[in-house]
Amino acid sequence: MRDLPPTATLRAFEAATRHATFTSASEELHVTQSAVSHQLKHLEELWGLQLFQRGKSLALTPAGAALAPIVREFFMNLEATLTDLREQKGRVRLKVSTTYSFALKWLLPRLPGLSRLHPEILVTLETTDKAIHFSSTEPDVAIRFGNGNYPGLHSEFMFREQIFPVASPDLLARLGTPRKPAELLCYPLLTRAGADLVPKWALWFQQVGVSMSALKESVRFADTNMTIEAALLGQGIALARSGHVEAEISDGSLVRLFKAPFPSPVAYYFVCPKGTESQPHVVSFRDWLLAESSEAEKNYR
């Protein structure tokens, strides 16, 4: 740290890397040209490196070019962090990672309740379908969809959804409402491509005792939200998880078909690095989350 110069000197260097002359750099910094020249000469002496090729215009040496992005990133990170701290106004930021569909359909509508109960927590939502490893740059906690096997991490069960077919009132008006599960084989069925975590029509039909050979597919989607949207547009019947269609069933834009129970083989879990679960703001968020999860699961039965 003994070679770390004053911030004003680093600022002069950063500005000079973006200008053709010391004069134009000095105008940006509102100081004299000689002041900028003196600061950069001092920096070169301190580091024992030539940073600029001086001539009619400034040009970075290889050493200057190597240091320029590092110094620029330092100022960008400092400014972003200061802005973030000012915006927090004493609140504690909590970075939460989950899947996009779960954040959009389940977590986001409930966050105002968290804000009312714990105004001191400022949630930042980050969405990804990929596993995270909780490095220094990654979220503090996560909500994951799986079988609960998260070695090396603290994890707690949240809730398990029910899986059932949904259709729009418009589609049912056009094609009629199926009276028994086997009749669905004659309807256009929306399917979701993807991993084993995706609800599968074959498993649902097996659960309700219907044998099948081939589905009458209309379109296969790579995204849960697109599948639900297609059902809302009347393009077919979707196999949905209860947590993803709460609002649509409540407002009548989608209709649940059949009450046959089919609990999802996988569930949602609260996950964080061991030790993080005892931090006060994480405890508050986790307790709120588990209370919401318990209430949701009661409604899904």
# chains A, B, ... in the order shown; residues from 1 in each chain; ligands from 1
>>> residues_around(residues="Arg256 of chain A", least_positions_apart="5", cutoff="9 Å", atoms="only C-alpha atoms", output="JSON, numbers by chain")
{"A": [164, 165, 166, 167, 249]}
>>> closest_atom_pairs(of="segment 42-130 of chain A", to="segment 272-294 of chain A", cutoff="12 Å", atoms="only C-alpha atoms", output="JSON lines")
{"residue": "A:Arg91", "atom": "CA", "partner": "A:His281", "partner_atom": "CA", "distance": 9.8}
{"residue": "A:Val92", "atom": "CA", "partner": "A:His281", "partner_atom": "CA", "distance": 7.2}
{"residue": "A:Arg93", "atom": "CA", "partner": "A:His281", "partner_atom": "CA", "distance": 8.7}
{"residue": "A:Leu94", "atom": "CA", "partner": "A:Val282", "partner_atom": "CA", "distance": 7.6}
{"residue": "A:Lys95", "atom": "CA", "partner": "A:Val282", "partner_atom": "CA", "distance": 10.0}
{"residue": "A:Val96", "atom": "CA", "partner": "A:Cys272", "partner_atom": "CA", "distance": 9.6}
{"residue": "A:Ser97", "atom": "CA", "partner": "A:Cys272", "partner_atom": "CA", "distance": 10.0}
{"residue": "A:Thr98", "atom": "CA", "partner": "A:Cys272", "partner_atom": "CA", "distance": 11.8}
{"residue": "A:Trp106", "atom": "CA", "partner": "A:Ser293", "partner_atom": "CA", "distance": 9.9}
{"residue": "A:Leu107", "atom": "CA", "partner": "A:Leu289", "partner_atom": "CA", "distance": 9.0}
{"residue": "A:Leu108", "atom": "CA", "partner": "A:Leu289", "partner_atom": "CA", "distance": 11.9}
{"residue": "A:Pro109", "atom": "CA", "partner": "A:Glu292", "partner_atom": "CA", "distance": 11.4}
{"residue": "A:Arg110", "atom": "CA", "partner": "A:Glu292", "partner_atom": "CA", "distance": 8.2}
{"residue": "A:Leu111", "atom": "CA", "partner": "A:Leu289", "partner_atom": "CA", "distance": 9.7}
{"residue": "A:Pro112", "atom": "CA", "partner": "A:Trp288", "partner_atom": "CA", "distance": 11.7}
{"residue": "A:Gly113", "atom": "CA", "partner": "A:Trp288", "partner_atom": "CA", "distance": 9.0}
{"residue": "A:Leu114", "atom": "CA", "partner": "A:Trp288", "partner_atom": "CA", "distance": 7.0}
{"residue": "A:Ser115", "atom": "CA", "partner": "A:Phe285", "partner_atom": "CA", "distance": 10.2}
{"residue": "A:Arg116", "atom": "CA", "partner": "A:Trp288", "partner_atom": "CA", "distance": 11.2}
{"residue": "A:Leu117", "atom": "CA", "partner": "A:Trp288", "partner_atom": "CA", "distance": 8.5}
{"residue": "A:His118", "atom": "CA", "partner": "A:Ser284", "partner_atom": "CA", "distance": 7.5}
{"residue": "A:Pro119", "atom": "CA", "partner": "A:His281", "partner_atom": "CA", "distance": 10.7}
{"residue": "A:Glu120", "atom": "CA", "partner": "A:His281", "partner_atom": "CA", "distance": 8.3}
{"residue": "A:Ile121", "atom": "CA", "partner": "A:His281", "partner_atom": "CA", "distance": 6.7}
{"residue": "A:Leu122", "atom": "CA", "partner": "A:His281", "partner_atom": "CA", "distance": 9.7}
{"residue": "A:Val123", "atom": "CA", "partner": "A:Phe285", "partner_atom": "CA", "distance": 9.3}
>>> closest_residue(among="A:Glu295, A:Glu183, A:Glu229, A:Asp223", to="Phe258 of chain A", atoms="only C-alpha atoms")
A:Glu183
>>> atom_distance(atom1="atom CA of Arg301 of chain A", atom2="atom CA of Val245 of chain A")
14.3 Å
>>> residues_around(residues="segment 252-254 of chain A", least_positions_apart="5", cutoff="10 Å", atoms="only C-alpha atoms", output="list in words")
Pro165, Val166, Ala167, Ser168, Pro169, Asp170, Leu171, Ile228, Ala231, Leu232, Leu233, Gly234, Ile237, Ala238, Val245, Glu246 and Ala247 of chain A
>>> write_last_selection(atoms="N, CA and C atoms", output="PDB file, in the first residue's frame")
ATOM      1  N   PRO A 165     -53.896 -29.355 -14.690  1.00  0.00           N
ATOM      2  CA  PRO A 165     -54.125 -28.702 -15.977  1.00  0.00           C
ATOM      3  C   PRO A 165     -54.893 -27.390 -15.788  1.00  0.00           C
ATOM      4  N   VAL A 166     -54.599 -26.412 -16.633  1.00  0.00           N
ATOM      5  CA  VAL A 166     -55.324 -25.140 -16.631  1.00  0.00           C
ATOM      6  C   VAL A 166     -55.659 -24.758 -18.071  1.00  0.00           C
ATOM      7  N   ALA A 167     -56.786 -24.087 -18.209  1.00  0.00           N
ATOM      8  CA  ALA A 167     -57.228 -23.646 -19.536  1.00  0.00           C
ATOM      9  C   ALA A 167     -57.931 -22.305 -19.410  1.00  0.00           C
ATOM     10  N   SER A 168     -57.966 -21.563 -20.495  1.00  0.00           N
ATOM     11  CA  SER A 168     -58.669 -20.280 -20.492  1.00  0.00           C
ATOM     12  C   SER A 168     -60.165 -20.510 -20.674  1.00  0.00           C
ATOM     13  N   PRO A 169     -61.026 -19.647 -20.130  1.00  0.00           N
ATOM     14  CA  PRO A 169     -62.469 -19.749 -20.365  1.00  0.00           C
ATOM     15  C   PRO A 169     -62.814 -19.724 -21.851  1.00  0.00           C
ATOM     16  N   ASP A 170     -62.025 -18.965 -22.633  1.00  0.00           N
ATOM     17  CA  ASP A 170     -62.281 -18.889 -24.071  1.00  0.00           C
ATOM     18  C   ASP A 170     -62.092 -20.251 -24.736  1.00  0.00           C
ATOM     19  N   LEU A 171     -61.022 -20.952 -24.386  1.00  0.00           N
ATOM     20  CA  LEU A 171     -60.796 -22.274 -24.979  1.00  0.00           C
ATOM     21  C   LEU A 171     -61.899 -23.240 -24.572  1.00  0.00           C
ATOM     22  N   ILE A 228     -47.636 -20.628 -19.793  1.00  0.00           N
ATOM     23  CA  ILE A 228     -48.815 -20.065 -19.135  1.00  0.00           C
ATOM     24  C   ILE A 228     -49.455 -18.998 -20.014  1.00  0.00           C
ATOM     25  N   ALA A 231     -51.529 -20.551 -22.658  1.00  0.00           N
ATOM     26  CA  ALA A 231     -52.813 -21.007 -22.109  1.00  0.00           C
ATOM     27  C   ALA A 231     -53.768 -19.832 -21.945  1.00  0.00           C
ATOM     28  N   LEU A 232     -53.256 -18.698 -21.487  1.00  0.00           N
ATOM     29  CA  LEU A 232     -54.105 -17.504 -21.334  1.00  0.00           C
ATOM     30  C   LEU A 232     -54.663 -17.053 -22.676  1.00  0.00           C
ATOM     31  N   LEU A 233     -53.905 -17.258 -23.744  1.00  0.00           N
ATOM     32  CA  LEU A 233     -54.345 -16.857 -25.086  1.00  0.00           C
ATOM     33  C   LEU A 233     -55.271 -17.885 -25.727  1.00  0.00           C
ATOM     34  N   GLY A 234     -55.546 -18.967 -24.999  1.00  0.00           N
ATOM     35  CA  GLY A 234     -56.468 -19.974 -25.516  1.00  0.00           C
ATOM     36  C   GLY A 234     -55.860 -20.904 -26.544  1.00  0.00           C
ATOM     37  N   ILE A 237     -54.139 -26.340 -23.474  1.00  0.00           N
ATOM     38  CA  ILE A 237     -54.222 -26.599 -22.037  1.00  0.00           C
ATOM     39  C   ILE A 237     -52.807 -26.820 -21.510  1.00  0.00           C
ATOM     40  N   ALA A 238     -52.465 -26.117 -20.452  1.00  0.00           N
ATOM     41  CA  ALA A 238     -51.125 -26.217 -19.876  1.00  0.00           C
ATOM     42  C   ALA A 238     -51.168 -27.025 -18.594  1.00  0.00           C
ATOM     43  N   VAL A 245     -49.700 -19.993 -11.047  1.00  0.00           N
ATOM     44  CA  VAL A 245     -50.981 -19.554 -11.620  1.00  0.00           C
ATOM     45  C   VAL A 245     -51.944 -19.043 -10.540  1.00  0.00           C
ATOM     46  N   GLU A 246     -51.407 -18.618  -9.403  1.00  0.00           N
ATOM     47  CA  GLU A 246     -52.267 -18.127  -8.323  1.00  0.00           C
ATOM     48  C   GLU A 246     -53.153 -16.980  -8.791  1.00  0.00           C
ATOM     49  N   ALA A 247     -52.549 -15.957  -9.366  1.00  0.00           N
ATOM     50  CA  ALA A 247     -53.296 -14.758  -9.756  1.00  0.00           C
ATOM     51  C   ALA A 247     -54.293 -15.077 -10.862  1.00  0.00           C
TER      52      ALA A 247
END
>>> select_by_dssp(residues="segment 85-287 of chain A", states="alpha helix (DSSP H)", output="PyMOL selection string")
chain A and resi 85-88+100-102+108-117+169-175+201-207+224-232+246-251+280-287
>>> select_by_dssp(residues="segment 73-160 of chain A", states="strand (DSSP E or B)", output="ChimeraX atom specification")
/A:92-98,121-127,141-146,153-159
>>> residues_around(residues="segment 55-64 of chain A", least_positions_apart="4", cutoff="9 Å", atoms="only C-alpha atoms", output="list in words")
Ala16, Thr17, His19, Ala20, Thr21, Phe22, Leu49, Gln50, Leu51 and Ala68 of chain A
>>> closest_residue(among="A:Ala25, A:Leu78, A:Ala103, A:Leu172", to="Arg144 of chain A", atoms="only C-alpha atoms")
A:Ala103
>>> atom_distance(atom1="atom CA of Thr191 of chain A", atom2="atom CA of Arg179 of chain A")
21.1 Å
>>> residues_around(residues="Gly243 of chain A", least_positions_apart="4", cutoff="8 Å", atoms="only C-alpha atoms", output="PDB file with all heavy atoms, in the first residue's frame")
ATOM      1  N   PHE A 102     -40.268 -18.132 -10.820  1.00  0.00           N
ATOM      2  CA  PHE A 102     -40.690 -18.100  -9.421  1.00  0.00           C
ATOM      3  C   PHE A 102     -40.694 -16.669  -8.894  1.00  0.00           C
ATOM      4  O   PHE A 102     -41.608 -16.265  -8.173  1.00  0.00           O
ATOM      5  CB  PHE A 102     -39.748 -18.958  -8.566  1.00  0.00           C
ATOM      6  CG  PHE A 102     -40.116 -18.987  -7.114  1.00  0.00           C
ATOM      7  CD1 PHE A 102     -41.141 -19.809  -6.663  1.00  0.00           C
ATOM      8  CD2 PHE A 102     -39.455 -18.196  -6.190  1.00  0.00           C
ATOM      9  CE1 PHE A 102     -41.500 -19.835  -5.317  1.00  0.00           C
ATOM     10  CE2 PHE A 102     -39.798 -18.208  -4.851  1.00  0.00           C
ATOM     11  CZ  PHE A 102     -40.828 -19.033  -4.413  1.00  0.00           C
ATOM     12  N   LYS A 105     -43.831 -14.858 -10.584  1.00  0.00           N
ATOM     13  CA  LYS A 105     -45.176 -15.334 -10.273  1.00  0.00           C
ATOM     14  C   LYS A 105     -45.456 -15.481  -8.780  1.00  0.00           C
ATOM     15  O   LYS A 105     -46.603 -15.343  -8.347  1.00  0.00           O
ATOM     16  CB  LYS A 105     -45.408 -16.695 -10.958  1.00  0.00           C
ATOM     17  CG  LYS A 105     -45.482 -16.627 -12.469  1.00  0.00           C
ATOM     18  CD  LYS A 105     -46.721 -15.867 -12.914  1.00  0.00           C
ATOM     19  CE  LYS A 105     -46.921 -15.958 -14.411  1.00  0.00           C
ATOM     20  NZ  LYS A 105     -48.156 -15.251 -14.837  1.00  0.00           N
ATOM     21  N   TRP A 106     -44.450 -15.767  -7.982  1.00  0.00           N
ATOM     22  CA  TRP A 106     -44.701 -16.057  -6.565  1.00  0.00           C
ATOM     23  C   TRP A 106     -44.080 -15.026  -5.623  1.00  0.00           C
ATOM     24  O   TRP A 106     -44.767 -14.478  -4.758  1.00  0.00           O
ATOM     25  CB  TRP A 106     -44.160 -17.453  -6.211  1.00  0.00           C
ATOM     26  CG  TRP A 106     -44.672 -17.992  -4.902  1.00  0.00           C
ATOM     27  CD1 TRP A 106     -45.774 -18.802  -4.724  1.00  0.00           C
ATOM     28  CD2 TRP A 106     -44.122 -17.765  -3.582  1.00  0.00           C
ATOM     29  NE1 TRP A 106     -45.935 -19.086  -3.382  1.00  0.00           N
ATOM     30  CE2 TRP A 106     -44.943 -18.458  -2.655  1.00  0.00           C
ATOM     31  CE3 TRP A 106     -43.039 -17.052  -3.109  1.00  0.00           C
ATOM     32  CZ2 TRP A 106     -44.694 -18.462  -1.286  1.00  0.00           C
ATOM     33  CZ3 TRP A 106     -42.793 -17.044  -1.732  1.00  0.00           C
ATOM     34  CH2 TRP A 106     -43.609 -17.739  -0.843  1.00  0.00           C
ATOM     35  N   GLU A 161     -45.645 -27.684  -4.360  1.00  0.00           N
ATOM     36  CA  GLU A 161     -46.822 -27.282  -5.128  1.00  0.00           C
ATOM     37  C   GLU A 161     -47.647 -28.488  -5.572  1.00  0.00           C
ATOM     38  O   GLU A 161     -47.182 -29.626  -5.550  1.00  0.00           O
ATOM     39  CB  GLU A 161     -46.391 -26.494  -6.373  1.00  0.00           C
ATOM     40  CG  GLU A 161     -45.699 -25.185  -6.076  1.00  0.00           C
ATOM     41  CD  GLU A 161     -45.022 -24.614  -7.291  1.00  0.00           C
ATOM     42  OE1 GLU A 161     -44.100 -25.279  -7.825  1.00  0.00           O
ATOM     43  OE2 GLU A 161     -45.394 -23.518  -7.727  1.00  0.00           O
ATOM     44  N   ALA A 296     -49.043 -20.524   1.759  1.00  0.00           N
ATOM     45  CA  ALA A 296     -49.257 -20.882   0.354  1.00  0.00           C
ATOM     46  C   ALA A 296     -49.541 -22.369   0.220  1.00  0.00           C
ATOM     47  O   ALA A 296     -50.463 -22.777  -0.507  1.00  0.00           O
ATOM     48  CB  ALA A 296     -48.048 -20.487  -0.479  1.00  0.00           C
TER      49      ALA A 296
END
>>> atom_distance(atom1="atom CA of Tyr100 of chain A", atom2="atom CA of Gly236 of chain A")
22.9 Å
